[in-house]
Structures are given as structure tokens and as C-alpha cells.
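Peer 1: My structure file start12.txt, compact mmCIF, C-alpha atoms and all ligand atoms, is below:
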# COMPACT_ATOMS: atom_id res chain seq x y z
CA MET A 1 0.29 -21.27 3.80
CA LYS A 2 2.29 -23.31 6.31
CA SER A 3 1.13 -23.46 9.92
CA ASP A 4 4.69 -22.89 11.22
CA LEU A 5 4.76 -19.57 9.38
CA TYR A 6 5.56 -17.69 12.56
CA SER A 7 8.28 -20.03 13.89
CA THR A 8 11.25 -18.11 12.40
CA LEU A 9 9.86 -14.86 13.72
CA THR A 10 9.23 -16.31 17.17
CA GLU A 11 12.76 -17.76 17.21
CA LYS A 12 14.27 -14.39 16.27
CA ILE A 13 12.28 -12.61 18.95
CA ASN A 14 13.21 -15.15 21.61
CA SER A 15 16.88 -15.17 20.55
CA GLY A 16 17.80 -12.66 23.24
CA ASN A 17 19.22 -10.32 20.57
CA PHE A 18 16.61 -7.63 21.22
CA SER A 19 16.29 -5.48 24.33
CA SER A 20 12.66 -4.54 23.60
CA ILE A 21 9.96 -5.18 21.00
CA PHE A 22 7.71 -2.51 19.49
CA ILE A 23 4.69 -3.15 17.28
CA LEU A 24 3.62 -0.34 14.95
CA VAL A 25 -0.06 -0.27 13.95
CA ASP A 26 -2.62 2.15 12.54
CA GLU A 27 -6.23 2.26 13.77
CA ASN A 28 -7.32 -0.42 11.26
CA THR A 29 -4.51 -2.89 11.79
CA GLU A 30 -4.86 -2.38 15.56
CA LYS A 31 -8.52 -3.35 15.25
CA TYR A 32 -8.29 -6.16 12.68
CA CYS A 33 -4.76 -7.57 12.73
CA LEU A 34 -3.06 -7.10 16.10
CA ASP A 35 -4.89 -9.89 17.97
CA ILE A 36 -4.20 -12.38 15.17
CA PHE A 37 -0.54 -11.37 15.15
CA LEU A 38 -0.16 -11.66 18.94
CA GLN A 39 -1.92 -15.00 19.05
CA LYS A 40 0.17 -16.49 16.24
CA SER A 41 3.54 -14.99 17.16
CA LYS A 42 3.05 -15.65 20.89
CA ILE A 43 4.71 -12.34 21.69
CA GLU A 44 3.77 -11.27 25.18
CA SER A 45 6.12 -8.49 26.10
CA PHE A 46 5.96 -5.51 23.75
CA ASN A 47 5.05 -1.84 23.50
CA GLN A 48 2.51 -0.65 20.96
CA ILE A 49 3.05 2.40 18.76
CA ASN A 50 0.15 3.94 16.83
CA ILE A 51 0.08 6.18 13.78
CA PRO A 52 -2.97 7.29 11.77
CA SER A 53 -3.69 5.39 8.53
CA GLY A 54 -3.63 6.76 4.99
CA GLU A 55 -1.30 8.18 2.35
CA SER A 56 -1.93 11.71 3.66
CA ASN A 57 -0.14 10.62 6.85
CA LYS A 58 2.86 9.18 5.02
CA ASN A 59 4.96 12.12 6.08
CA ILE A 60 7.70 13.24 8.44
CA GLU A 61 5.15 14.09 11.18
CA SER A 62 4.26 10.38 11.45
CA CYS A 63 7.97 9.56 11.79
CA ILE A 64 8.37 12.20 14.49
CA SER A 65 5.45 10.62 16.32
CA ILE A 66 7.11 7.16 16.08
CA TRP A 67 10.49 8.52 17.26
CA ASP A 68 8.71 10.29 20.17
CA GLN A 69 6.92 7.11 21.18
CA LEU A 70 10.16 5.08 20.95
CA ASN A 71 11.87 7.67 23.17
CA SER A 72 9.09 7.62 25.72
CA PHE A 73 9.42 3.82 25.97
CA LYS A 74 13.22 4.19 26.26
CA ALA A 75 14.00 2.23 23.12
CA ASP A 76 17.69 1.60 22.46
CA ARG A 77 19.82 0.40 19.58
CA LYS A 78 18.92 -3.22 20.29
CA SER A 79 15.17 -2.58 20.06
CA LEU A 80 13.12 -4.20 17.30
CA LEU A 81 10.21 -2.55 15.45
CA ILE A 82 7.54 -4.80 13.92
CA ASN A 83 5.53 -3.01 11.22
CA LEU A 84 2.02 -4.51 11.07
CA GLY A 85 0.13 -2.88 8.21
CA GLY A 86 -0.16 -1.96 4.55
CA GLY A 87 2.39 -0.28 2.29
CA VAL A 88 1.97 3.13 3.87
CA LEU A 89 2.76 1.78 7.33
CA THR A 90 5.70 -0.43 6.28
CA ASP A 91 7.22 2.46 4.26
CA ILE A 92 6.97 4.86 7.24
CA GLY A 93 7.91 2.26 9.87
CA GLY A 94 10.91 1.07 7.86
CA PHE A 95 12.15 4.65 7.48
CA ALA A 96 11.55 5.55 11.14
CA ALA A 97 13.42 2.40 12.25
CA SER A 98 16.27 2.92 9.78
CA THR A 99 16.94 6.44 11.07
CA TYR A 100 16.22 6.05 14.82
CA LEU A 101 19.54 5.94 16.72
CA ARG A 102 21.22 5.47 13.31
CA GLY A 103 19.13 2.40 12.66
CA ILE A 104 17.33 -0.29 14.63
CA SER A 105 16.12 -3.62 13.21
CA PHE A 106 12.63 -3.96 11.78
CA ILE A 107 10.37 -6.74 10.55
CA ASN A 108 7.52 -6.21 8.08
CA VAL A 109 4.23 -8.04 8.51
CA PRO A 110 2.18 -6.79 5.54
CA THR A 111 -1.60 -6.85 5.92
CA THR A 112 -2.72 -5.71 2.44
CA LEU A 113 -2.33 -7.49 -0.89
CA LEU A 114 -0.21 -4.59 -2.13
CA GLY A 115 2.07 -4.89 0.88
CA MET A 116 2.35 -8.67 0.54
CA VAL A 117 3.29 -8.70 -3.16
CA ASP A 118 5.32 -5.50 -3.24
CA ALA A 119 5.72 -2.75 -0.63
CA ALA A 120 6.97 -4.85 2.30
CA HIS A 121 9.82 -6.33 0.22
CA GLY A 122 13.00 -4.88 -1.19
CA GLY A 123 14.09 -2.36 1.43
CA LYS A 124 12.72 0.87 -0.06
CA THR A 125 11.53 2.90 2.92
CA GLY A 126 10.39 6.49 3.08
CA VAL A 127 7.79 9.21 3.23
CA ASP A 128 6.17 11.70 0.87
CA PHE A 129 7.39 15.30 0.95
CA LYS A 130 5.65 18.41 -0.36
CA LEU A 131 3.23 16.45 -2.56
CA LEU A 132 5.94 14.35 -4.14
CA LYS A 133 5.83 10.62 -3.53
CA ASN A 134 8.61 8.93 -1.57
CA GLN A 135 10.93 11.93 -1.82
CA ILE A 136 12.64 11.24 1.51
CA GLY A 137 13.82 7.74 2.30
CA VAL A 138 16.58 5.17 2.56
CA PHE A 139 17.26 1.69 1.25
CA ASN A 140 17.29 -0.70 4.20
CA GLU A 141 16.10 -4.30 4.18
CA PRO A 142 13.78 -5.62 6.89
CA LEU A 143 15.11 -8.50 8.97
CA GLU A 144 12.18 -10.58 7.77
CA VAL A 145 8.95 -10.23 5.79
CA LEU A 146 6.22 -12.48 7.16
CA LEU A 147 3.48 -13.34 4.65
CA ASP A 148 0.19 -14.50 6.17
CA ASN A 149 -2.87 -14.16 3.97
CA GLU A 150 -5.20 -14.50 6.95
CA TYR A 151 -4.95 -10.71 7.36
CA LEU A 152 -6.62 -10.23 3.98
CA LYS A 153 -9.96 -11.47 5.34
CA THR A 154 -10.79 -8.07 6.83
CA LEU A 155 -9.43 -5.98 3.96
CA SER A 156 -12.14 -4.22 1.92
CA LYS A 157 -12.63 -5.48 -1.63
CA GLU A 158 -11.55 -2.06 -2.91
CA GLU A 159 -8.23 -2.20 -1.02
CA TYR A 160 -7.69 -5.82 -2.04
CA VAL A 161 -8.16 -5.00 -5.74
CA ASN A 162 -5.85 -1.99 -5.33
CA GLY A 163 -2.99 -4.44 -4.73
CA TYR A 164 -3.68 -6.21 -8.01
CA ALA A 165 -2.03 -3.34 -9.92
CA GLU A 166 1.42 -4.36 -8.66
CA VAL A 167 0.65 -8.05 -9.32
CA VAL A 168 -0.08 -7.19 -12.96
CA LYS A 169 3.11 -5.12 -13.12
CA HIS A 170 5.19 -8.09 -11.94
CA SER A 171 3.43 -10.34 -14.47
CA LEU A 172 4.42 -7.93 -17.27
CA LEU A 173 8.07 -7.96 -16.21
CA THR A 174 8.66 -11.69 -15.93
CA ASP A 175 9.85 -13.82 -18.84
CA LYS A 176 8.61 -17.00 -17.12
CA SER A 177 5.63 -18.11 -19.17
CA ALA A 178 3.98 -19.84 -16.18
CA LEU A 179 3.81 -16.51 -14.36
CA ASN A 180 3.52 -13.87 -17.07
CA PHE A 181 0.42 -11.78 -17.76
CA ASN A 182 -1.15 -14.42 -20.02
CA SER A 183 -0.94 -16.96 -17.17
CA LEU A 184 -1.98 -14.50 -14.47
CA VAL A 185 -5.33 -13.79 -16.16
CA LYS A 186 -6.23 -17.48 -15.79
CA LEU A 187 -6.08 -17.18 -11.98
CA ASP A 188 -8.99 -16.14 -9.78
CA LEU A 189 -7.90 -12.95 -8.05
CA PHE A 190 -9.99 -13.73 -4.97
CA LYS A 191 -9.66 -17.51 -4.65
CA ASP A 192 -5.99 -17.84 -5.60
CA SER A 193 -4.57 -15.23 -3.21
CA GLU A 194 -1.99 -17.58 -1.70
CA ASP A 195 -0.43 -18.45 -5.08
CA ILE A 196 -0.64 -14.84 -6.19
CA ILE A 197 1.15 -13.56 -3.08
CA ASN A 198 3.91 -16.18 -3.13
CA ASN A 199 4.60 -16.15 -6.87
CA TYR A 200 4.35 -12.44 -7.59
CA SER A 201 6.32 -11.28 -4.51
CA GLN A 202 9.01 -13.74 -5.61
CA ILE A 203 9.35 -11.97 -8.98
CA LYS A 204 10.11 -8.72 -7.15
CA ASN A 205 12.52 -10.40 -4.74
CA GLU A 206 14.53 -11.95 -7.58
CA ILE A 207 14.86 -8.58 -9.32
CA VAL A 208 15.84 -6.78 -6.09
CA GLU A 209 18.37 -9.49 -5.21
CA SER A 210 20.32 -8.78 -8.41
CA ASP A 211 20.37 -4.97 -7.93
CA LYS A 212 19.58 -3.88 -4.37
CA TYR A 213 20.29 -0.16 -4.87
CA GLU A 214 18.55 0.31 -8.22
CA SER A 215 21.59 1.12 -10.31
CA ASN A 216 20.28 -0.83 -13.26
CA ILE A 217 17.90 -3.82 -13.54
CA ARG A 218 15.81 -2.94 -10.45
CA LYS A 219 14.59 0.14 -12.34
CA VAL A 220 12.23 -2.19 -14.25
CA LEU A 221 10.06 -2.26 -11.11
CA ASN A 222 9.20 1.37 -11.86
CA LEU A 223 7.08 0.31 -14.83
CA GLY A 224 3.89 2.39 -14.62
CA HIS A 225 5.31 4.47 -11.77
CA THR A 226 6.89 7.40 -13.66
CA ILE A 227 3.48 8.55 -14.85
CA GLY A 228 1.61 6.76 -12.03
CA HIS A 229 3.33 8.66 -9.20
CA ALA A 230 2.66 11.99 -10.91
CA VAL A 231 -1.00 11.03 -11.42
CA GLU A 232 -1.26 9.97 -7.76
CA SER A 233 0.28 13.25 -6.50
CA TYR A 234 -1.88 15.25 -8.91
CA SER A 235 -5.05 13.55 -7.64
CA HIS A 236 -4.25 14.86 -4.15
CA ILE A 237 -4.08 18.51 -5.29
CA SER A 238 -6.68 18.52 -8.06
CA GLU A 239 -10.20 19.64 -7.25
CA ARG A 240 -11.57 17.94 -10.36
CA ILE A 241 -10.19 14.45 -9.77
CA THR A 242 -10.85 12.48 -6.58
CA ASP A 243 -7.94 11.14 -4.54
CA LEU A 244 -6.55 8.01 -6.17
CA LYS A 245 -5.13 5.03 -4.34
CA HIS A 246 -1.59 3.97 -5.25
CA GLY A 247 -2.77 0.96 -7.28
CA GLU A 248 -5.38 2.98 -9.17
CA ALA A 249 -2.74 5.53 -10.19
CA ILE A 250 -0.29 2.79 -11.20
CA VAL A 251 -2.92 1.27 -13.49
CA ILE A 252 -3.19 4.61 -15.32
CA GLY A 253 0.62 4.75 -15.40
CA MET A 254 0.84 1.24 -16.84
CA ILE A 255 -1.73 1.80 -19.58
CA THR A 256 -0.15 5.09 -20.70
CA GLU A 257 3.41 3.73 -20.51
CA LEU A 258 2.43 0.61 -22.48
CA TYR A 259 0.90 2.86 -25.13
CA ILE A 260 4.23 4.72 -25.26
CA SER A 261 5.97 1.31 -25.52
CA HIS A 262 3.73 0.52 -28.48
CA LYS A 263 4.55 3.80 -30.22
CA LYS A 264 8.29 3.73 -29.54
CA LEU A 265 9.13 0.02 -29.45
CA ASN A 266 6.28 -1.69 -31.26
CA PHE A 267 4.91 -3.33 -28.12
CA PRO A 268 2.16 -5.50 -29.71
CA ILE A 269 -1.17 -3.67 -30.03
CA LYS A 270 -3.05 -6.91 -29.27
CA ASP A 271 -1.36 -7.15 -25.87
CA LEU A 272 -1.85 -3.44 -25.19
CA LEU A 273 -5.60 -3.69 -25.81
CA GLY A 274 -5.88 -6.98 -23.90
CA ILE A 275 -4.13 -5.54 -20.82
CA LYS A 276 -6.27 -2.38 -20.92
CA GLU A 277 -9.44 -4.42 -21.16
CA HIS A 278 -8.39 -6.78 -18.35
CA LEU A 279 -7.57 -3.89 -16.00
CA SER A 280 -10.90 -2.21 -16.79
CA LYS A 281 -12.65 -5.19 -15.15
CA TYR A 282 -11.17 -4.19 -11.80
CA PHE A 283 -10.40 -0.47 -12.01
CA GLY A 284 -12.63 2.48 -12.94
CA GLN A 285 -11.73 5.03 -15.58
CA ILE A 286 -10.85 8.69 -14.94
CA SER A 287 -11.39 11.34 -17.58
CA PHE A 288 -8.38 13.67 -17.88
CA SER A 289 -8.70 17.17 -19.36
CA GLU A 290 -5.91 18.87 -21.32
CA SER A 291 -5.11 20.99 -18.27
CA ASP A 292 -4.90 17.86 -16.04
CA ILE A 293 -2.46 16.27 -18.47
CA ASP A 294 -0.26 19.41 -18.57
CA GLN A 295 -0.12 19.58 -14.78
CA ILE A 296 0.68 15.86 -14.50
CA TYR A 297 3.51 16.40 -16.98
CA ASP A 298 4.92 19.24 -14.86
CA LEU A 299 4.76 17.13 -11.70
CA MET A 300 6.53 14.28 -13.45
CA ILE A 301 9.54 16.52 -14.21
CA TYR A 302 10.25 16.53 -10.47
CA ASP A 303 10.10 12.76 -10.15
CA LYS A 304 13.13 11.54 -8.21
CA LYS A 305 13.95 8.88 -10.77
CA ASN A 306 14.86 11.48 -13.38
CA SER A 307 18.46 12.42 -13.98
CA SER A 308 19.94 15.29 -16.02
CA ASN A 309 16.48 16.84 -16.23
CA LYS A 310 15.34 14.04 -18.54
CA ILE A 311 12.32 11.91 -17.75
CA ASN A 312 13.38 8.27 -17.69
CA PHE A 313 10.78 5.62 -18.43
CA VAL A 314 10.69 1.86 -18.20
CA LEU A 315 9.11 0.58 -21.41
CA LEU A 316 8.38 -2.91 -22.73
CA ASN A 317 9.52 -4.39 -26.02
CA GLU A 318 7.05 -7.16 -25.30
CA ILE A 319 5.64 -8.88 -22.21
CA GLY A 320 8.63 -10.04 -20.13
CA ASP A 321 11.13 -7.84 -21.97
CA PRO A 322 11.46 -4.46 -20.20
CA ILE A 323 13.96 -1.77 -21.16
CA VAL A 324 15.05 1.06 -18.82
CA ASP A 325 16.20 4.68 -19.21
CA GLN A 326 13.94 5.48 -22.16
CA THR A 327 13.20 9.12 -22.89
CA VAL A 328 9.82 10.19 -24.20
CA SER A 329 8.69 13.39 -25.91
CA SER A 330 5.92 15.47 -24.36
CA ASP A 331 3.83 14.83 -27.50
CA ILE A 332 3.80 11.04 -27.05
CA PHE A 333 3.21 11.53 -23.32
CA LYS A 334 0.08 13.59 -24.05
CA GLU A 335 -1.07 11.20 -26.77
CA SER A 336 -0.86 8.32 -24.27
CA PHE A 337 -3.55 10.02 -22.16
CA LEU A 338 -5.80 10.30 -25.23
CA PHE A 339 -5.38 6.55 -25.65
CA TYR A 340 -6.19 6.02 -21.95
CA ASN A 341 -9.28 8.22 -22.35
CA ASP A 342 -10.43 6.11 -25.35
CA LEU A 343 -9.99 9.13 -27.62
CA LEU A 344 -7.64 7.42 -30.06
N1 LIG B 1 8.40 0.39 -0.60
C1 LIG B 1 8.01 -0.10 -1.75
O1 LIG B 1 8.76 -0.77 -2.46
C2 LIG B 1 6.60 0.15 -2.22
C3 LIG B 1 6.11 -0.51 -3.34
C4 LIG B 1 4.79 -0.31 -3.73
C5 LIG B 1 4.00 0.58 -3.02
N2 LIG B 1 4.52 1.24 -1.94
C6 LIG B 1 3.68 2.18 -1.16
O2 LIG B 1 2.61 1.47 -0.57
C7 LIG B 1 1.59 2.40 -0.26
C8 LIG B 1 0.23 1.79 -0.55
O3 LIG B 1 0.05 0.67 0.30
P1 LIG B 1 -1.38 -0.01 0.53
O4 LIG B 1 -2.09 -0.09 -0.75
O5 LIG B 1 -1.12 -1.25 1.29
O6 LIG B 1 -2.20 1.08 1.37
P2 LIG B 1 -2.33 1.39 2.94
O7 LIG B 1 -1.12 1.01 3.67
O8 LIG B 1 -2.79 2.80 3.03
O9 LIG B 1 -3.53 0.42 3.40
C9 LIG B 1 -4.81 0.62 2.89
C10 LIG B 1 -5.87 0.74 4.00
O10 LIG B 1 -6.18 -0.55 4.50
C11 LIG B 1 -6.09 -0.56 5.93
N3 LIG B 1 -5.71 -1.92 6.29
C12 LIG B 1 -4.48 -2.47 6.19
N4 LIG B 1 -4.54 -3.78 6.45
C13 LIG B 1 -5.82 -4.07 6.75
C14 LIG B 1 -6.50 -5.27 7.07
N5 LIG B 1 -5.86 -6.45 7.09
N6 LIG B 1 -7.83 -5.21 7.32
C15 LIG B 1 -8.50 -4.02 7.24
N7 LIG B 1 -7.90 -2.86 6.91
C16 LIG B 1 -6.57 -2.88 6.67
C17 LIG B 1 -5.10 0.52 6.25
O11 LIG B 1 -5.26 0.99 7.57
C18 LIG B 1 -5.45 1.57 5.20
O12 LIG B 1 -6.56 2.32 5.64
C19 LIG B 1 1.87 3.65 -1.07
O13 LIG B 1 2.30 4.69 -0.22
C20 LIG B 1 3.01 3.24 -1.99
O14 LIG B 1 3.87 4.31 -2.30
C21 LIG B 1 5.79 1.03 -1.53
Would you mind writing the file out in C-alpha cells?
Ligand SMILES: NC(=O)c1ccc[n+]([C@@H]2O[C@H](COP(=O)([O-])OP(=O)(O)OC[C@H]3O[C@@H](n4cnc5c(N)ncnc54)[C@H](O)[C@@H]3O)[C@@H](O)[C@H]2O)c1
Peer 2:
Amino acid sequence: MKSDLYSTLTEKINSGNFSSIFILVDENTEKYCLDIFLQKSKIESFNQINIPSGESNKNIESCISIWDQLNSFKADRKSLLINLGGGVLTDIGGFAASTYLRGISFINVPTTLLGMVDAAHGGKTGVDFKLLKNQIGVFNEPLEVLLDNEYLKTLSKEEYVNGYAEVVKHSLLTDKSALNFNSLVKLDLFKDSEDIINNYSQIKNEIVESDKYESNIRKVLNLGHTIGHAVESYSHISERITDLKHGEAIVIGMITELYISHKKLNFPIKDLLGIKEHLSKYFGQISFSESDIDQIYDLMIYDKKNSSNKINFVLLNEIGDPIVDQTVSSDIFKESFLFYNDLL
């Protein structure tokens, strides 16, 4: 990545447009990322705001804490919030900034692979509410997203791999052969991080650019998320299944939704099996019981993307050819979990 990566950010900060600068961190990004950020951005005058890490803190209480801290530092409408962290932190920080005093500017500096390729881009901000993912939020674009893969050096291997789920998703959506899934598998996930971040975040940005408010084409980015979000929420309430990270749940969502694509749209079986096998190199397998599957189905009914009480899926005709607003019967839904569990 270029050495003048921070020059646009430094220029914006020194432009005189902002009355005060705030940097939002959690305990991990405070420890591992803040010094790097301060050294590279050359920001000297700022106030620090802390929230606790983790999906269980992606809630309105964290926003209240941010608003309280902004108040105590006398932030005003010309203040700027810099979100330094993973997808949880940029989602919360973006929402807190977008609603504070009817909206102050914010910049995202993602520090996880998942944040760099996906969460920090596109202006979806928000928090979870009553076990449902991202129920409360607004669309609001950050002023800038600064991508610096130096932050990845301190990220655990498990968290790094977690971000690969969204990379694979983007590779399944693109019709560019140099970037699609068959090209992605030729890259080294660990050595080629710079290419992966730049190329696969670009796929998302191009889709978002053509449909900022998700009235049509942007819905394709929900591939794997209709089932994946329900699986993720379910893992937080189930005593049988351990808490899943976002990427782990999205992998389950992608495999089941690609099986449904195969059944409904003839998505090629060879690709389906190849994708499942590739993902199994990086992600473990969960065994779902019949009762788990029923409860996941019930949770999915409440997914915010559904309209008229129907469950809308993104499916694939083939790699690079997604189709939105597909309805699926409960029978095929359940069958897709048998496929995931290697029972078909
Ligand atoms: N807004 C969107 O468009 C969008 C898209 C995809 C996902 N998301 C959201 O993103 C969230 C998941 O994000 P995530 O996977 O980045 O998880 P995360 O933000 O919870 O980060 C994972 C962990 O890594 C720590 N961490 C972050 N950077 C670090 C670093 N450089 N070194 C060491 N530790 C570090 C964090 O403190 C946290 O404990 C989910 O809530 C999901 O809903 C949002």
C-alpha cells in the first residue's frame, strides 16, 4: 500500500472544517492500533472515546456511552468521529455519529479483514436489538474509509480468517473472471492480503455506488446473510451451539443458500461442492439438530429484509450471476441444512 495513505486524511483533519476530533476505540484497538494510527496520521489534538469490544456490545447502550462521552467533551455539530476498529466498532460508531446532534461527520479506519473488505464501506450503520442483527440503524456514508493493512499484523488468525467469508461472498457476486471465486482460490489468503483488500472491497463499492439505499441491486450483498444472520442470532441464544462469529455464520448461510440455488435455479453442483470444500479448509463445521433448524427458521421470519411476511433470498444462477427477491419453501430451507450437515 502507498506510503502517502494518510495524506488525504491528514489534509481533511487540518482543513479547519472540524471544531474537534474524537477517536473511538475498543480495548483491543486502543492497545494494538491507536499508536500506529496517531503516528501515521500525525493527529495531536483529539479526545479518545472507549467502548467494550464484541458483538454482545453492539447495542444501544454502547451508543449511549458514546453520546455521553461526546457530551462530556462538549462535542458540537462540527466535530469529527474517527472509528478505529473492526466491523462491530464501525457499525456502532457510524450510527452514534449519524444520530448525534442530527449527524456529525465520521471516518472509518477498519482494523480487521472483515472491516477492510466489507463493514467499513457502504454506509450501513447500526446496532443489534433484542437478539436481531442490525435492527436499528441508518444509511450514512463515512467521509472516508482508510485502508491500511498494517493493522492486520496484530489480528488473531481466527479473526483474520473470519473476514474471508465476505471476501468469498464478493467473489461469488462478481462477473469479472479475474476476480471471481475461481480466481480467488488461486490467491494466498495470508500473503496476498493487500490485493484481497483492495480488489474485494472494490466489488462492494461498485455495487453500493449503483444502489446506495438497497432498493434493488445492492440486495445481492445479502447473499448468505438471510440464513446467516438467523444462524448468528440463534448461536447467541442456543445452549447447544457456541457463539458464532459473523463470518462463521455467513459461511453457513452461503453454503445453505447455494444449495437452495442449486435446487431452485440449477446452480452447478460442481461449483456448489467446490465452494463447500474450499470453505471447509478455513471454517469448522457445526452440527444442527432438527430443533435448531426449526428455531433458526423462526428467527429468520423476523429478518428485516423480508417484506409482506415473505422471506426474500439472494440466490445464484451461477457464479457472478445473482438474482434477488427469491422466495423459498420451508422444506427446501430445511433440506439445505441436511446438505450442510453432510446428510444428503
Ligand atoms: N455495515 C456493514 O455493511 C457490515 C458488513 C459486514 C459485517 N458487518 C458487521 O461487522 C461485524 C463483524 O466485524 P468484525 O469481524 O470486524 O468483528 P469485531 O469488530 O468484533 O472485531 C473482532 C475482534 O478483533 C479485535 N480487533 C480489531 N482489530 C484488531 C487488531 N488490528 N488487532 C487485534 N485485535 C483487533 C476487536 O476488538 C474484536 O475483539 C458484525 O457485527 C457484522 O454485522 C457490517
Peer 1: Which one of A:Ser156, A:Ser45, A:Ser183, A:Ser19 sits closest to ligand LIG 1 (chain B) if you count all atoms listed in the file?
Peer 2: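 With all atoms listed in the file as the atom set, the closest residue is A:Ser156.
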Peer 1: For each of A:Tyr297, A:Phe22, A:Tyr213, A:Tyr259, take the minimum atom-to-atom distance to ligand LIG 1 (chain B), counting only C-alpha atoms and all ligand atoms, then give the residue where this is smallest.
Peer 2: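 When distances to ligand LIG 1 (chain B) are compared using only C-alpha atoms and all ligand atoms, the smallest one comes from A:Tyr213.
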Peer 1: From the list A:Leu179, A:Val161, A:Met300, A:Met254, which residue is nearest ligand LIG 1 (chain B) when using all atoms listed in the file?
Peer 2: A:Val161
Peer 1: Show me, as a PyMOL selection string, the residues that have an atom within 12 Å of A:Asp91 when counting only C-alpha atoms, minus same-chain residues fewer than 4 positions from it.
Peer 2: chain A and resi 24+54-55+57-60+62-63+83-87+95-98+106-110+115+118-128+133-142
Peer 1: Distance atom CA of A:Gly163-atom CA of A:Asn180, one decimal place?
Peer 2: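 The value is 16.8 Å.
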Peer 1: Could you pull the residues within 12 Å of A:Lys153, counting only C-alpha atoms, minus those fewer than 5 positions along the same chain, as a ChimeraX atom specification?
Peer 2: /A:32-33,36,111-113,148,159-160,190-191,193
Peer 1: Have a look at A:Ser53, A:Leu132, A:Asp243, A:Glu144 and name the one nearest to A:Ser7; count all atoms listed in the file.
Peer 2: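 Residue with the minimum atom-to-atom distance to A:Ser7: A:Glu144.
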Peer 1: Which is closer to ligand LIG 1 (chain B) than all the others in A:Asn28, A:Ser105, A:Ser15, A:Ser291, using only C-alpha atoms and all ligand atoms?
Peer 2: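 Looking at the shortest contact to ligand LIG 1 (chain B), the residue is A:Asn28.
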